Amino acid sequence: MYNVYTGEPEGGPTPPAAQLGLEPPRFCAECGRRMVVQVRPDGWSAKCSRHGVIDSADLEPYR
C-alpha cells in the first residue's frame, strides 16, 4: 500500500493540508501511480490508469 498524498510506501508523513481534509489524493493507494484528479465544487474524483476511479462521495460513509 502507498500513501495517497505522497506516493511513497505507506507509513510516511501526511502533509498538513491532507490531514485537514483540504487536499484530494494524488497517488493510487494500490500501486503508487500518479492519478488524474478533478476537483469540483462538491468534492473530487481521481482516476488511476490501472485501478479505476474513486470519488469523494464514495468515501463519505467513512468520515
# chains A, B, ... in the order shown; residues from 1 in each chain; ligands from 1
$ residues_around --residues "segment 3-10 of chain A" --least-positions-apart "5" --cutoff "12 Å" --atoms "only C-alpha atoms" --output "PDB file with C-alpha atoms, in the first residue's frame"
ATOM      1  CA  PRO A  15       1.040  16.709   4.547  1.00  0.00           C
ATOM      2  CA  PRO A  16      -0.773  19.120   6.918  1.00  0.00           C
ATOM      3  CA  ALA A  17      -3.353  20.162   4.275  1.00  0.00           C
ATOM      4  CA  ALA A  18      -4.250  16.494   3.740  1.00  0.00           C
ATOM      5  CA  GLN A  19      -4.649  15.964   7.492  1.00  0.00           C
ATOM      6  CA  GLY A  21      -9.095  17.214   4.589  1.00  0.00           C
ATOM      7  CA  LEU A  22      -8.241  20.046   2.194  1.00  0.00           C
ATOM      8  CA  GLU A  23      -6.200  18.021  -0.305  1.00  0.00           C
ATOM      9  CA  PRO A  24      -7.505  15.259  -2.603  1.00  0.00           C
ATOM     10  CA  PRO A  25      -5.402  12.102  -3.021  1.00  0.00           C
ATOM     11  CA  ARG A  26      -2.853  12.386  -5.835  1.00  0.00           C
ATOM     12  CA  PHE A  27      -1.469   8.829  -5.919  1.00  0.00           C
ATOM     13  CA  CYS A  28      -3.138   5.404  -6.101  1.00  0.00           C
ATOM     14  CA  ALA A  29      -3.116   3.563  -2.768  1.00  0.00           C
ATOM     15  CA  GLU A  30      -2.706   0.193  -4.504  1.00  0.00           C
ATOM     16  CA  CYS A  31       0.121   0.858  -6.976  1.00  0.00           C
ATOM     17  CA  GLY A  32       1.548   4.316  -6.127  1.00  0.00           C
ATOM     18  CA  ARG A  33       0.930   5.693  -9.641  1.00  0.00           C
ATOM     19  CA  ARG A  34       0.029   9.345 -10.088  1.00  0.00           C
ATOM     20  CA  MET A  35      -3.712   9.773 -10.664  1.00  0.00           C
ATOM     21  CA  VAL A  37      -7.567  14.386 -10.265  1.00  0.00           C
ATOM     22  CA  ALA A  46      -9.392  10.673  -9.084  1.00  0.00           C
ATOM     23  CA  CYS A  48      -5.797   5.556 -11.725  1.00  0.00           C
ATOM     24  CA  ILE A  54     -12.583   6.870  -6.863  1.00  0.00           C
TER      25      ILE A  54
END
$ select_by_dssp --residues "chain A" --states "helix (DSSP H, G or I)" --output "PyMOL selection string"
chain A and resi 16-19+56-62
$ select_by_dssp --residues "chain A" --states "strand (DSSP E or B)" --output "list in words"
Tyr2, Pro9, Phe27, Arg34, Val36, Val37, Gln38, Val39, Arg40, Gly43, Trp44, Ser45, Ala46, Lys47, Cys48, Gly52, Val53, Ile54 and Asp55 of chain A
$ atom_distance --atom1 "atom CA of Leu59 of chain A" --atom2 "atom CA of Gly43 of chain A"
10.5 Å
$ atom_distance --atom1 "atom CA of Arg50 of chain A" --atom2 "atom CA of Thr14 of chain A"
23.6 Å
